[in-house]
file my_file.txt (compact mmCIF, C-alpha atoms)
# COMPACT_ATOMS: atom_id res chain seq x y z
CA MET H 1 -66.91 117.49 -67.21
CA ASN H 2 -66.48 120.75 -65.31
CA PRO H 3 -65.70 120.87 -61.59
CA HIS H 4 -68.15 123.60 -60.61
CA ASP H 5 -70.90 123.41 -58.03
CA LEU H 6 -74.51 124.23 -58.77
CA PRO H 7 -75.92 126.51 -60.03
CA SER H 8 -74.68 125.85 -63.54
CA ALA H 9 -73.55 128.73 -65.73
CA GLU H 10 -76.96 128.64 -67.42
CA GLN H 11 -78.79 128.73 -64.08
CA LEU H 12 -76.64 131.65 -62.87
CA VAL H 13 -77.41 133.71 -65.96
CA GLU H 14 -81.07 132.76 -65.65
CA SER H 15 -81.14 134.03 -62.04
CA VAL H 16 -79.80 137.45 -63.09
CA ARG H 17 -82.24 137.65 -66.01
CA GLU H 18 -85.15 136.85 -63.66
CA TRP H 19 -84.03 139.57 -61.24
CA LEU H 20 -83.85 142.11 -64.09
CA GLU H 21 -87.36 141.14 -65.23
CA ARG H 22 -88.89 141.04 -61.75
CA ASP H 23 -87.26 143.97 -59.93
CA VAL H 24 -85.37 146.26 -62.33
CA LEU H 25 -87.77 146.45 -65.28
CA THR H 26 -90.66 147.45 -63.01
CA ALA H 27 -88.58 150.06 -61.14
CA THR H 28 -87.20 151.84 -64.19
CA SER H 29 -88.55 153.90 -67.08
CA GLY H 30 -87.43 155.50 -70.33
CA ARG H 31 -83.87 154.91 -71.45
CA LEU H 32 -82.83 152.87 -68.41
CA GLN H 33 -85.84 150.57 -68.84
CA PHE H 34 -85.02 150.17 -72.54
CA HIS H 35 -81.43 149.21 -71.69
CA THR H 36 -82.76 146.78 -69.06
CA ARG H 37 -84.88 145.14 -71.76
CA VAL H 38 -81.80 144.86 -74.00
CA ALA H 39 -79.88 143.25 -71.11
CA ILE H 40 -82.71 140.74 -70.53
CA ASN H 41 -82.62 139.80 -74.23
CA VAL H 42 -78.85 139.40 -74.14
CA LEU H 43 -78.97 137.11 -71.11
CA ALA H 44 -81.78 135.02 -72.63
CA MET H 45 -79.57 134.64 -75.73
CA VAL H 46 -76.64 133.46 -73.58
CA GLU H 47 -78.94 130.93 -71.87
CA ARG H 48 -80.00 129.52 -75.26
CA GLU H 49 -76.39 129.34 -76.41
CA LEU H 50 -75.39 127.47 -73.24
CA GLN H 51 -78.23 125.00 -73.89
CA VAL H 52 -77.58 124.21 -77.57
CA GLY H 53 -74.12 125.64 -78.28
CA ALA H 54 -72.12 122.40 -77.95
CA THR H 55 -74.51 120.45 -80.19
CA GLN H 56 -74.56 123.28 -82.75
CA ALA H 57 -70.75 123.42 -82.79
CA ALA H 58 -70.50 119.71 -83.61
CA VAL H 59 -73.12 119.97 -86.37
CA HIS H 60 -71.36 123.06 -87.76
CA ARG H 61 -68.00 121.27 -87.88
CA ASP H 62 -69.62 118.43 -89.86
CA ARG H 63 -71.23 120.87 -92.31
CA LEU H 64 -67.90 122.63 -92.91
CA ALA H 65 -66.13 119.29 -93.33
CA GLN H 66 -68.72 118.21 -95.92
CA LEU H 67 -67.59 121.23 -97.97
CA GLY H 68 -63.91 120.54 -97.33
CA CYS H 69 -63.51 123.58 -95.05
CA ALA H 70 -61.90 123.83 -91.62
CA ASP H 71 -63.70 127.01 -90.57
CA GLU H 72 -65.97 129.89 -91.62
CA ARG H 73 -63.02 131.86 -93.01
CA GLU H 74 -62.08 129.06 -95.41
CA LEU H 75 -65.70 128.64 -96.51
CA ALA H 76 -66.13 132.41 -97.08
CA ASP H 77 -62.89 132.54 -99.10
CA LYS H 78 -63.84 129.51 -101.20
CA ILE H 79 -67.25 130.97 -102.03
CA ARG H 80 -65.62 134.24 -103.06
CA ASN H 81 -62.82 132.78 -105.18
CA GLY H 82 -65.12 130.36 -107.00
CA ALA H 83 -63.64 127.14 -105.59
CA LEU H 84 -67.17 125.94 -104.70
CA ASP H 85 -68.96 127.23 -107.82
CA ASP H 86 -69.83 123.68 -108.95
CA ARG H 87 -71.51 122.92 -105.58
CA LEU H 88 -73.43 126.14 -104.94
CA PRO H 89 -76.89 124.59 -104.26
CA GLU H 90 -75.30 122.37 -101.59
CA VAL H 91 -73.31 125.32 -100.18
CA ARG H 92 -76.47 127.45 -99.97
CA GLU H 93 -78.36 124.69 -98.20
CA LEU H 94 -75.64 124.26 -95.58
CA VAL H 95 -75.13 128.01 -95.04
CA TRP H 96 -78.92 128.46 -94.73
CA ALA H 97 -78.97 125.74 -92.05
CA THR H 98 -76.19 127.59 -90.19
CA VAL H 99 -78.09 130.89 -90.40
CA GLN H 100 -81.12 129.17 -88.88
CA ASP H 101 -78.93 127.76 -86.07
CA LYS H 102 -77.58 131.24 -85.35
CA LEU H 103 -81.13 132.66 -85.19
CA THR H 104 -82.26 129.82 -82.90
CA VAL H 105 -79.87 131.32 -80.35
CA ALA H 106 -79.95 135.03 -81.28
CA ASN H 107 -83.66 135.58 -81.91
CA PRO H 108 -85.88 132.51 -82.36
CA LYS H 109 -88.96 134.69 -82.94
CA TYR H 110 -87.36 135.96 -86.14
CA LEU H 111 -87.45 132.44 -87.59
CA ASP H 112 -91.23 132.29 -87.19
CA ALA H 113 -91.95 135.62 -88.83
CA ARG H 114 -91.22 134.87 -92.48
CA THR H 115 -92.24 138.28 -93.79
CA MET A 1 -72.64 178.38 -75.69
CA ASP A 2 -72.49 182.21 -75.40
CA GLU A 3 -69.45 182.23 -77.63
CA LEU A 4 -71.21 180.01 -80.21
CA ALA A 5 -74.29 182.27 -80.13
CA ALA A 6 -72.08 185.30 -80.80
CA SER A 7 -70.38 183.57 -83.77
CA LEU A 8 -73.76 182.56 -85.18
CA ALA A 9 -75.04 186.13 -84.91
CA ALA A 10 -71.90 187.31 -86.71
CA VAL A 11 -72.13 184.89 -89.67
CA LEU A 12 -75.86 185.52 -90.08
CA GLY A 13 -75.64 189.28 -89.57
CA ALA A 14 -78.36 188.84 -86.95
CA ARG A 15 -79.03 191.27 -84.11
CA ARG A 16 -80.17 188.60 -81.64
CA VAL A 17 -79.46 184.86 -81.36
CA THR A 18 -81.52 183.22 -78.61
CA ASP A 19 -82.75 179.83 -77.37
CA LEU A 20 -79.58 178.01 -78.44
CA THR A 21 -80.15 174.34 -77.48
CA ARG A 22 -78.16 171.21 -78.33
CA LEU A 23 -80.47 168.60 -79.91
CA SER A 24 -78.16 165.65 -80.41
CA GLY A 25 -74.52 164.75 -80.49
CA GLY A 26 -73.79 162.13 -83.12
CA ALA A 27 -70.35 160.68 -83.76
CA SER A 28 -69.62 162.95 -86.70
CA ARG A 29 -71.59 166.12 -85.96
CA GLU A 30 -73.59 168.02 -83.36
CA THR A 31 -77.02 169.53 -83.98
CA PHE A 32 -78.36 172.68 -82.31
CA ARG A 33 -81.60 174.67 -82.57
CA PHE A 34 -81.69 178.41 -82.13
CA VAL A 35 -83.65 181.51 -83.06
CA ALA A 36 -82.04 184.36 -85.01
CA ASP A 37 -84.05 187.61 -85.06
CA GLY A 38 -87.24 185.58 -84.56
CA ARG A 39 -86.49 182.92 -87.22
CA PRO A 40 -86.10 179.33 -85.96
CA LEU A 41 -82.96 177.73 -87.42
CA VAL A 42 -80.91 174.53 -87.10
CA LEU A 43 -77.12 174.38 -86.89
CA GLN A 44 -75.19 171.23 -87.81
CA ARG A 45 -71.58 171.48 -86.71
CA GLN A 46 -68.92 168.99 -87.74
CA ARG A 47 -66.80 167.34 -85.06
CA GLY A 48 -63.03 167.16 -85.23
CA GLY A 49 -61.84 163.91 -86.82
CA ASP A 50 -64.73 163.66 -89.27
CA THR A 51 -63.19 164.03 -92.69
CA ARG A 52 -66.35 164.26 -94.77
CA ASN A 53 -66.76 167.32 -96.92
CA MET A 54 -69.65 169.39 -95.59
CA GLY A 55 -69.25 171.69 -98.59
CA MET A 56 -70.51 168.83 -100.81
CA GLU A 57 -73.56 168.36 -98.62
CA ALA A 58 -74.33 172.10 -98.69
CA ALA A 59 -74.03 172.14 -102.50
CA VAL A 60 -76.39 169.13 -102.73
CA LEU A 61 -78.93 170.83 -100.43
CA ARG A 62 -78.94 173.96 -102.58
CA ALA A 63 -79.37 171.93 -105.79
CA VAL A 64 -82.21 169.72 -104.53
CA TYR A 65 -83.99 172.70 -102.92
CA ALA A 66 -83.93 174.41 -106.34
CA ALA A 67 -85.21 171.18 -107.94
CA GLY A 68 -88.31 171.17 -105.75
CA VAL A 69 -87.36 168.40 -103.31
CA PRO A 70 -88.79 169.14 -99.85
CA VAL A 71 -85.67 169.98 -97.83
CA PRO A 72 -84.85 172.63 -95.22
CA GLU A 73 -83.69 175.83 -96.90
CA LEU A 74 -79.94 176.34 -96.45
CA VAL A 75 -79.27 179.73 -94.85
CA ALA A 76 -75.48 179.70 -94.39
CA SER A 77 -72.62 177.22 -94.48
CA SER A 78 -68.86 176.87 -94.51
CA PRO A 79 -66.72 173.84 -95.39
CA ASP A 80 -63.87 175.03 -93.12
CA SER A 81 -63.45 176.20 -89.54
CA SER A 82 -62.81 179.90 -90.12
CA ASP A 83 -66.32 181.16 -89.19
CA ILE A 84 -67.37 179.28 -86.05
CA GLY A 85 -64.43 176.98 -85.32
CA ALA A 86 -65.77 174.01 -87.35
CA ALA A 87 -67.40 173.26 -90.69
CA TYR A 88 -71.16 173.88 -90.42
CA MET A 89 -74.51 174.28 -92.12
CA ILE A 90 -77.36 176.48 -90.91
CA SER A 91 -80.79 175.74 -92.30
CA ALA A 92 -84.41 176.65 -91.66
CA ALA A 93 -86.01 174.60 -88.88
CA VAL A 94 -88.65 172.22 -90.25
CA GLU A 95 -91.38 170.96 -87.92
CA GLY A 96 -92.32 167.32 -87.71
CA GLU A 97 -91.43 163.87 -86.41
CA THR A 98 -88.50 161.66 -87.41
CA ILE A 99 -88.97 158.75 -84.98
CA ALA A 100 -90.13 155.82 -87.14
CA ARG A 101 -92.14 154.02 -84.47
CA LYS A 102 -94.26 157.12 -83.83
CA ILE A 103 -94.81 157.80 -87.53
CA LEU A 104 -95.80 154.16 -88.11
CA ARG A 105 -98.10 153.76 -85.09
CA ASP A 106 -99.43 157.05 -83.67
CA PRO A 107 -102.99 158.03 -84.66
CA GLU A 108 -101.95 161.61 -85.51
CA PHE A 109 -100.03 160.24 -88.52
CA ILE A 110 -102.89 158.25 -90.13
CA ALA A 111 -103.17 160.68 -93.07
CA ALA A 112 -99.39 160.96 -93.26
CA ARG A 113 -99.03 157.19 -93.62
CA ARG A 114 -101.58 157.22 -96.46
CA ASN A 115 -99.80 160.06 -98.29
CA LEU A 116 -96.18 159.07 -97.76
CA PRO A 117 -95.70 156.36 -100.45
CA GLY A 118 -96.70 158.80 -103.20
CA GLN A 119 -94.86 161.73 -101.66
CA LEU A 120 -91.65 159.71 -101.30
CA GLY A 121 -91.90 158.60 -104.94
CA HIS A 122 -92.38 162.20 -106.08
CA ALA A 123 -89.50 163.50 -103.93
CA LEU A 124 -87.17 160.85 -105.38
CA ALA A 125 -88.22 161.66 -108.94
CA HIS A 126 -87.40 165.35 -108.39
CA LEU A 127 -84.11 164.57 -106.69
CA HIS A 128 -82.98 162.24 -109.49
CA ARG A 129 -83.60 164.95 -112.11
CA VAL A 130 -80.84 167.15 -110.66
CA ASP A 131 -77.97 167.70 -113.12
CA VAL A 132 -75.04 165.94 -111.40
CA SER A 133 -72.50 168.18 -113.13
CA SER A 134 -74.05 171.18 -111.34
CA VAL A 135 -72.97 169.91 -107.90
CA GLU A 136 -69.30 170.02 -106.96
CA GLY A 137 -67.62 167.33 -104.89
CA LEU A 138 -69.89 164.37 -105.70
CA ALA A 139 -68.17 161.01 -106.08
CA THR A 140 -69.27 158.06 -108.21
CA GLN A 141 -69.59 154.95 -106.05
CA ASP A 142 -69.68 151.25 -106.86
CA GLN A 143 -71.69 150.18 -103.84
CA VAL A 144 -70.88 146.48 -104.27
CA ALA A 145 -67.11 147.09 -104.24
CA MET A 146 -67.47 149.64 -101.46
CA TYR A 147 -69.32 147.32 -99.07
CA ARG A 148 -67.07 144.39 -99.90
CA ALA A 149 -64.21 146.53 -98.68
CA VAL A 150 -66.17 147.49 -95.54
CA LEU A 151 -66.87 143.80 -94.81
CA ASP A 152 -63.21 142.88 -95.37
CA ALA A 153 -62.14 145.66 -93.01
CA THR A 154 -64.22 144.07 -90.20
CA GLY A 155 -62.05 140.96 -90.55
CA GLU A 156 -65.05 138.67 -89.97
CA PRO A 157 -65.95 135.86 -92.40
CA HIS A 158 -69.63 135.68 -93.44
CA PRO A 159 -70.33 132.88 -95.94
CA ALA A 160 -73.99 133.98 -96.27
CA PHE A 161 -72.86 137.48 -97.30
CA GLU A 162 -70.37 135.98 -99.79
CA LEU A 163 -73.25 134.08 -101.44
CA ALA A 164 -75.26 137.32 -101.63
CA PHE A 165 -72.28 139.23 -103.10
CA LYS A 166 -71.90 136.52 -105.72
CA TRP A 167 -75.58 136.81 -106.66
CA LEU A 168 -75.32 140.61 -106.83
CA GLU A 169 -72.25 140.43 -109.09
CA ASP A 170 -73.95 137.90 -111.39
CA HIS A 171 -77.18 139.93 -111.68
CA ARG A 172 -75.97 143.52 -111.90
CA PRO A 173 -78.59 145.82 -113.46
CA PRO A 174 -77.72 147.34 -116.85
CA ALA A 175 -75.73 150.59 -116.72
CA CYS A 176 -77.89 153.72 -116.50
CA PRO A 177 -77.27 157.46 -116.86
CA PRO A 178 -75.57 158.74 -113.69
CA ALA A 179 -77.91 160.43 -111.22
CA LEU A 180 -77.68 162.23 -107.91
CA VAL A 181 -78.45 159.59 -105.25
CA HIS A 182 -79.37 160.55 -101.67
CA GLY A 183 -77.64 157.44 -100.33
CA ASP A 184 -79.60 157.07 -97.07
CA PHE A 185 -83.21 157.69 -98.12
CA ARG A 186 -85.29 155.89 -95.49
CA MET A 187 -87.65 156.11 -92.56
CA GLY A 188 -85.67 157.88 -89.83
CA ASN A 189 -84.15 160.40 -92.24
CA ILE A 190 -87.42 162.09 -93.19
CA MET A 191 -89.33 164.76 -91.27
CA VAL A 192 -93.02 163.88 -91.21
CA GLY A 193 -96.02 166.05 -90.25
CA PRO A 194 -99.74 165.25 -90.01
CA ASP A 195 -100.07 165.39 -93.84
CA GLY A 196 -96.91 163.44 -94.60
CA LEU A 197 -93.48 164.39 -95.91
CA ASN A 198 -92.19 167.77 -94.67
CA ALA A 199 -88.50 167.35 -95.49
CA VAL A 200 -85.82 164.89 -96.58
CA LEU A 201 -82.85 165.10 -94.18
CA ASP A 202 -79.27 163.81 -93.83
CA TRP A 203 -77.64 164.26 -97.22
CA GLU A 204 -74.11 163.43 -96.09
CA LEU A 205 -73.99 160.13 -98.05
CA ALA A 206 -75.12 161.71 -101.36
CA HIS A 207 -73.20 160.43 -104.38
CA ILE A 208 -73.48 159.73 -108.10
CA GLY A 209 -74.97 156.36 -109.00
CA ASP A 210 -78.04 154.42 -110.10
CA PRO A 211 -81.21 156.26 -108.97
CA MET A 212 -82.84 152.90 -108.22
CA GLU A 213 -80.45 152.61 -105.25
CA ASP A 214 -82.63 155.09 -103.32
CA LEU A 215 -85.86 153.17 -104.11
CA GLY A 216 -84.35 149.83 -103.09
CA TRP A 217 -82.84 151.15 -99.83
CA LEU A 218 -86.22 152.66 -98.87
CA CYS A 219 -87.75 149.16 -99.04
CA VAL A 220 -85.14 147.33 -96.91
CA LYS A 221 -86.83 145.42 -94.09
CA ALA A 222 -84.94 147.24 -91.32
CA TRP A 223 -86.74 150.49 -92.30
CA ARG A 224 -90.18 148.91 -91.91
CA PHE A 225 -89.69 148.78 -88.13
CA GLY A 226 -91.91 145.70 -87.77
CA SER A 227 -94.65 146.82 -90.20
CA ASP A 228 -95.64 144.38 -92.97
CA LYS A 229 -95.69 147.13 -95.63
CA PRO A 230 -92.52 147.00 -97.75
CA VAL A 231 -92.09 150.70 -98.58
CA ALA A 232 -90.72 152.32 -95.38
CA GLY A 233 -93.43 150.44 -93.43
CA VAL A 234 -96.17 152.61 -94.99
CA GLY A 235 -96.84 151.41 -98.54
CA GLU A 236 -96.82 148.72 -101.19
CA TYR A 237 -94.16 148.54 -103.91
CA HIS A 238 -96.56 149.58 -106.68
CA GLN A 239 -97.55 152.78 -104.83
CA LEU A 240 -93.92 153.95 -104.71
CA LEU A 241 -93.07 152.80 -108.23
CA ASP A 242 -96.22 154.27 -109.80
CA ALA A 243 -95.70 157.65 -108.12
CA TYR A 244 -92.04 157.67 -109.17
CA ALA A 245 -92.85 156.73 -112.77
CA GLU A 246 -95.61 159.36 -112.94
CA ALA A 247 -93.36 162.18 -111.66
CA SER A 248 -90.18 161.17 -113.52
CA GLY A 249 -91.65 159.91 -116.77
CA ALA A 250 -89.15 157.05 -116.52
CA ASP A 251 -89.90 153.34 -116.81
CA VAL A 252 -89.13 151.62 -113.53
CA ASN A 253 -88.06 148.00 -113.59
CA PRO A 254 -89.19 146.39 -110.29
CA LEU A 255 -86.45 143.76 -110.63
CA VAL A 256 -83.78 146.48 -110.54
CA VAL A 257 -85.38 147.98 -107.41
CA ARG A 258 -85.35 144.48 -105.95
CA TRP A 259 -81.62 144.08 -106.74
CA TRP A 260 -80.92 147.28 -104.82
CA GLU A 261 -83.12 146.09 -101.95
CA VAL A 262 -81.02 142.91 -101.73
CA LEU A 263 -77.83 144.99 -101.72
CA GLY A 264 -79.42 147.24 -99.08
CA THR A 265 -80.17 144.25 -96.83
CA LEU A 266 -76.55 143.16 -97.21
CA LYS A 267 -75.32 146.71 -96.45
CA TRP A 268 -77.40 146.90 -93.28
CA GLY A 269 -76.02 143.52 -92.17
CA ILE A 270 -72.46 144.80 -92.66
CA MET A 271 -73.34 148.00 -90.78
CA CYS A 272 -74.56 145.84 -87.86
CA ILE A 273 -71.12 144.20 -87.72
CA GLY A 274 -69.67 147.71 -87.56
CA GLN A 275 -71.91 148.68 -84.63
CA ALA A 276 -70.78 145.66 -82.64
CA SER A 277 -67.15 146.52 -83.52
CA THR A 278 -67.66 149.94 -81.95
CA HIS A 279 -68.18 148.07 -78.65
CA LEU A 280 -65.58 145.35 -79.24
CA SER A 281 -62.84 147.83 -80.15
CA GLY A 282 -63.51 149.78 -76.96
CA ALA A 283 -64.47 152.96 -78.83
CA VAL A 284 -67.87 152.90 -77.07
CA ARG A 285 -68.49 150.14 -74.52
CA SER A 286 -72.22 149.32 -74.65
CA HIS A 287 -74.23 146.13 -74.28
CA GLU A 288 -76.75 147.62 -76.72
CA LEU A 289 -74.08 147.88 -79.44
CA ALA A 290 -72.72 144.44 -78.50
CA ALA A 291 -76.17 142.88 -78.96
CA ILE A 292 -76.44 144.31 -82.49
CA GLY A 293 -73.62 141.95 -83.52
CA ARG A 294 -76.01 139.05 -82.98
CA ARG A 295 -78.57 140.70 -85.29
CA VAL A 296 -76.33 140.20 -88.31
CA CYS A 297 -77.88 136.75 -88.83
CA GLU A 298 -81.32 138.41 -89.17
CA ASN A 299 -80.00 140.08 -92.33
CA GLU A 300 -78.50 136.80 -93.53
CA HIS A 301 -81.94 135.24 -93.01
CA ASP A 302 -83.63 138.09 -94.95
CA LEU A 303 -81.16 137.65 -97.82
CA PHE A 304 -81.97 133.95 -98.11
CA LEU A 305 -85.71 134.72 -98.14
CA ALA A 306 -85.27 137.50 -100.72
CA LEU A 307 -83.23 135.23 -103.01
CA GLU A 308 -85.34 132.09 -102.58
CA GLY A 309 -86.11 130.82 -106.07
CA ARG A 310 -83.95 133.54 -107.67
CA TRP A 311 -80.42 132.11 -107.31
call {"tool": "encode", "arguments": {"input": "my_file.txt", "output": "structure tokens"}}
result
Amino acid sequence: MNPHDLPSAEQLVESVREWLERDVLTATSGRLQFHTRVAINVLAMVERELQVGATQAAVHRDRLAQLGCADERELADKIRNGALDDRLPEVRELVWATVQDKLTVANPKYLDART
Amino acid sequence: MDELAASLAAVLGARRVTDLTRLSGGASRETFRFVADGRPLVLQRQRGGDTRNMGMEAAVLRAVYAAGVPVPELVASSPDSSDIGAAYMISAAVEGETIARKILRDPEFIAARRNLPGQLGHALAHLHRVDVSSVEGLATQDQVAMYRAVLDATGEPHPAFELAFKWLEDHRPPACPPALVHGDFRMGNIMVGPDGLNAVLDWELAHIGDPMEDLGWLCVKAWRFGSDKPVAGVGEYHQLLDAYAEASGADVNPLVVRWWEVLGTLKWGIMCIGQASTHLSGAVRSHELAAIGRRVCENEHDLFLALEGRW
């Protein structure tokens, strides 16, 4: 439980993103407008992470534990040194699920376009 | 700029150097356009701190020009700083467009888009015929080992990339005769006019390796810029492979091209980590570079799709 007043962190970021979309994007052009668009995308990503990040972290911990790993580093090392060679289909399935979680925050549109 | 113009006139033996304009300033080199006695030329000047050997690149340009690859003609070069204060290459200016989104979408490039798959296949076939022993300074590279080292240097763990590395190691294509490889043959590094390919640019990553590396890299999804066509966003696999086979007389195994495309997708993912590091390390603070770090998972996603049913 955090002690802060409203707006929440997510609502604060949302308010800045809306201002960029409403006032800055329309008042800029060229390179500055492009960088405004990048900023809008970054803030939207942060909003998504604030929404689902805690749930994703718990799920990710469980996936790593299922493979006997404490963190991504241990999993990467075990894949490389062959310690998980007898469980590769399971490893691939869990890593693929993690990749999809990362895209859900980073760029959900990318998940839809399976080309 | 006046001083640079005077040095250029001296090395070229030109009476007049005019219209000297800086085009771009990359991290490793600066590019200028100018006119020497009426001839439009391009200068690429190396920046301090960049340790790459421009002499190698100049030797490659001469060899591929002689082999019939469309490249700007090299007019003068020096691998050291004695002439103009830095290593440099001066080449003929080639007209055309390099910006991928324009080439892929603008109506003036309709014919170019139709011609490019075949032209790219032909250019690669000519390039891969160059006798590697005729070019000094070329290194043989094991791209898998090289990019493993680059990933390790970032210090970031990526289980998805480890799975891809494992697949690549287990499915290495059979050894082939060493060829001159461009190393960065893609949309963005080609100069395109209304009829298609005018010149292949940016030879600084040239090395000795498997010629199929260039075909695979050309098909990596990042170089399609949103188009659904696999070959540089302009063509189908068979168009590139048929043109290459016709011009080279070699049999092309699509599975080997595919292996290199998978490695290329992995390479681009690792390069994205590097771009974000440029921001994180403080070398260049930029939210644009920072955001690229969160695109790494797009490459992980592409690797899983490419390897679906092939593990």
call {"tool": "interface_residues", "arguments": {"input": "my_file.txt", "of": "chain H", "to": "chain A", "cutoff": "7 Å", "atoms": "all atoms listed in the file", "output": "JSON, numbers by chain"}}
result
{"H": [38, 42, 72, 73, 75, 76, 79, 80, 95, 99, 102, 103, 106]}
call {"tool": "residues_around", "arguments": {"input": "my_file.txt", "residues": "Ala100 of chain A", "least_positions_apart": "5", "cutoff": "12 Å", "atoms": "all atoms listed in the file", "output": "ChimeraX atom specification"}}
result
/A:105-106,109,113,186-192,222-227,232-234
call {"tool": "closest_residue", "arguments": {"input": "my_file.txt", "among": "A:Leu215, A:Met271, A:Ala92, A:Leu180", "to": "Pro254 of chain A", "atoms": "only C-alpha atoms"}}
result
A:Leu215
call {"tool": "atom_distance", "arguments": {"input": "my_file.txt", "atom1": "atom CA of Ser91 of chain A", "atom2": "atom CA of Gly121 of chain A"}}
result
24.0 Å
call {"tool": "atom_distance", "arguments": {"input": "my_file.txt", "atom1": "atom CA of Leu151 of chain A", "atom2": "atom CA of Ala139 of chain A"}}
result
20.6 Å
call {"tool": "residues_near_point", "arguments": {"input": "my_file.txt", "point": "(-72.3, 120.5, -90.0)", "cutoff": "12 Å", "atoms": "all atoms listed in the file", "output": "list in words"}}
result
Thr55, Gln56, Ala57, Ala58, Val59, His60, Arg61, Asp62, Arg63, Leu64, Ala65, Gln66, Leu67, Gly68, Cys69, Ala70, Asp71, Glu72, Val91, Glu93, Leu94, Val95, Trp96, Ala97, Thr98, Val99 and Asp101 of chain H
call {"tool": "residues_around", "arguments": {"input": "my_file.txt", "residues": "Arg52 of chain A", "least_positions_apart": "6", "cutoff": "10 Å", "atoms": "only C-alpha atoms", "output": "JSON, numbers by chain"}}
result
{"A": [28, 46, 79, 87, 204, 205]}
call {"tool": "write_last_selection", "arguments": {"input": "my_file.txt", "atoms": "C-alpha atoms", "output": "mmCIF file, in the coordinates of the input"}}
result
data_model
loop_
_atom_site.group_PDB
_atom_site.id
_atom_site.type_symbol
_atom_site.label_atom_id
_atom_site.label_comp_id
_atom_site.auth_asym_id
_atom_site.auth_seq_id
_atom_site.Cartn_x
_atom_site.Cartn_y
_atom_site.Cartn_z
ATOM 1 C CA SER A 28 -69.620 162.950 -86.700
ATOM 2 C CA GLN A 46 -68.920 168.990 -87.740
ATOM 3 C CA PRO A 79 -66.720 173.840 -95.390
ATOM 4 C CA ALA A 87 -67.400 173.260 -90.690
ATOM 5 C CA GLU A 204 -74.110 163.430 -96.090
ATOM 6 C CA LEU A 205 -73.990 160.130 -98.050
#
call {"tool": "atom_distance", "arguments": {"input": "my_file.txt", "atom1": "atom CA of Val42 of chain A", "atom2": "atom CA of Ala93 of chain A"}}
result
5.4 Å
call {"tool": "residues_around", "arguments": {"input": "my_file.txt", "residues": "Leu255 of chain A", "least_positions_apart": "3", "cutoff": "12 Å", "atoms": "all atoms listed in the file", "output": "list in words"}}
result
His171, Arg172, Pro173, Pro174, Met212, Glu213, Leu215, Gly216, Tyr237, Leu241, Asp251, Val252, Arg258, Trp259, Trp260, Glu261, Val262, Ala306, Leu307 and Arg310 of chain A
call {"tool": "axis_aligned_box", "arguments": {"input": "my_file.txt", "around": "segment 217-221 of chain A", "padding_each_side": "4 Å", "output": "lines of an AutoDock Vina configuration file"}}
result
center_x = -85.3
center_y = 149.0
center_z = -97.0
size_x = 12.9
size_y = 15.2
size_z = 13.7
call {"tool": "closest_residue", "arguments": {"input": "my_file.txt", "among": "H:Glu74, H:Glu49, H:Ile40, H:Thr28", "to": "Ala9 of chain H", "atoms": "all atoms listed in the file"}}
result
H:Glu49
call {"tool": "build_atoms", "arguments": {"input": "my_file.txt", "residues": "segment 37-47 of chain A", "atoms": "N, CA and C atoms", "output": "PDB file, keeping the file's coordinate frame"}}
result
ATOM      1  N   ASP A  37     -83.105 186.518 -84.753  1.00  0.00           N
ATOM      2  CA  ASP A  37     -84.050 187.610 -85.060  1.00  0.00           C
ATOM      3  C   ASP A  37     -85.457 187.053 -85.310  1.00  0.00           C
ATOM      4  N   GLY A  38     -85.885 186.116 -84.478  1.00  0.00           N
ATOM      5  CA  GLY A  38     -87.240 185.580 -84.560  1.00  0.00           C
ATOM      6  C   GLY A  38     -87.397 184.385 -85.479  1.00  0.00           C
ATOM      7  N   ARG A  39     -86.369 184.048 -86.279  1.00  0.00           N
ATOM      8  CA  ARG A  39     -86.490 182.920 -87.220  1.00  0.00           C
ATOM      9  C   ARG A  39     -85.867 181.651 -86.626  1.00  0.00           C
ATOM     10  N   PRO A  40     -86.658 180.560 -86.503  1.00  0.00           N
ATOM     11  CA  PRO A  40     -86.100 179.330 -85.960  1.00  0.00           C
ATOM     12  C   PRO A  40     -85.174 178.633 -86.970  1.00  0.00           C
ATOM     13  N   LEU A  41     -83.951 178.308 -86.531  1.00  0.00           N
ATOM     14  CA  LEU A  41     -82.960 177.730 -87.420  1.00  0.00           C
ATOM     15  C   LEU A  41     -82.311 176.500 -86.761  1.00  0.00           C
ATOM     16  N   VAL A  42     -81.640 175.698 -87.589  1.00  0.00           N
ATOM     17  CA  VAL A  42     -80.910 174.530 -87.100  1.00  0.00           C
ATOM     18  C   VAL A  42     -79.462 174.634 -87.535  1.00  0.00           C
ATOM     19  N   LEU A  43     -78.553 174.398 -86.590  1.00  0.00           N
ATOM     20  CA  LEU A  43     -77.120 174.380 -86.890  1.00  0.00           C
ATOM     21  C   LEU A  43     -76.626 172.936 -86.832  1.00  0.00           C
ATOM     22  N   GLN A  44     -75.908 172.508 -87.873  1.00  0.00           N
ATOM     23  CA  GLN A  44     -75.190 171.230 -87.810  1.00  0.00           C
ATOM     24  C   GLN A  44     -73.716 171.566 -87.857  1.00  0.00           C
ATOM     25  N   ARG A  45     -72.993 171.140 -86.826  1.00  0.00           N
ATOM     26  CA  ARG A  45     -71.580 171.480 -86.710  1.00  0.00           C
ATOM     27  C   ARG A  45     -70.752 170.206 -86.724  1.00  0.00           C
ATOM     28  N   GLN A  46     -69.750 170.199 -87.588  1.00  0.00           N
ATOM     29  CA  GLN A  46     -68.920 168.990 -87.740  1.00  0.00           C
ATOM     30  C   GLN A  46     -67.972 168.851 -86.551  1.00  0.00           C
ATOM     31  N   ARG A  47     -67.765 167.610 -86.137  1.00  0.00           N
ATOM     32  CA  ARG A  47     -66.800 167.340 -85.060  1.00  0.00           C
ATOM     33  C   ARG A  47     -65.419 167.141 -85.647  1.00  0.00           C
TER      34      ARG A  47
END
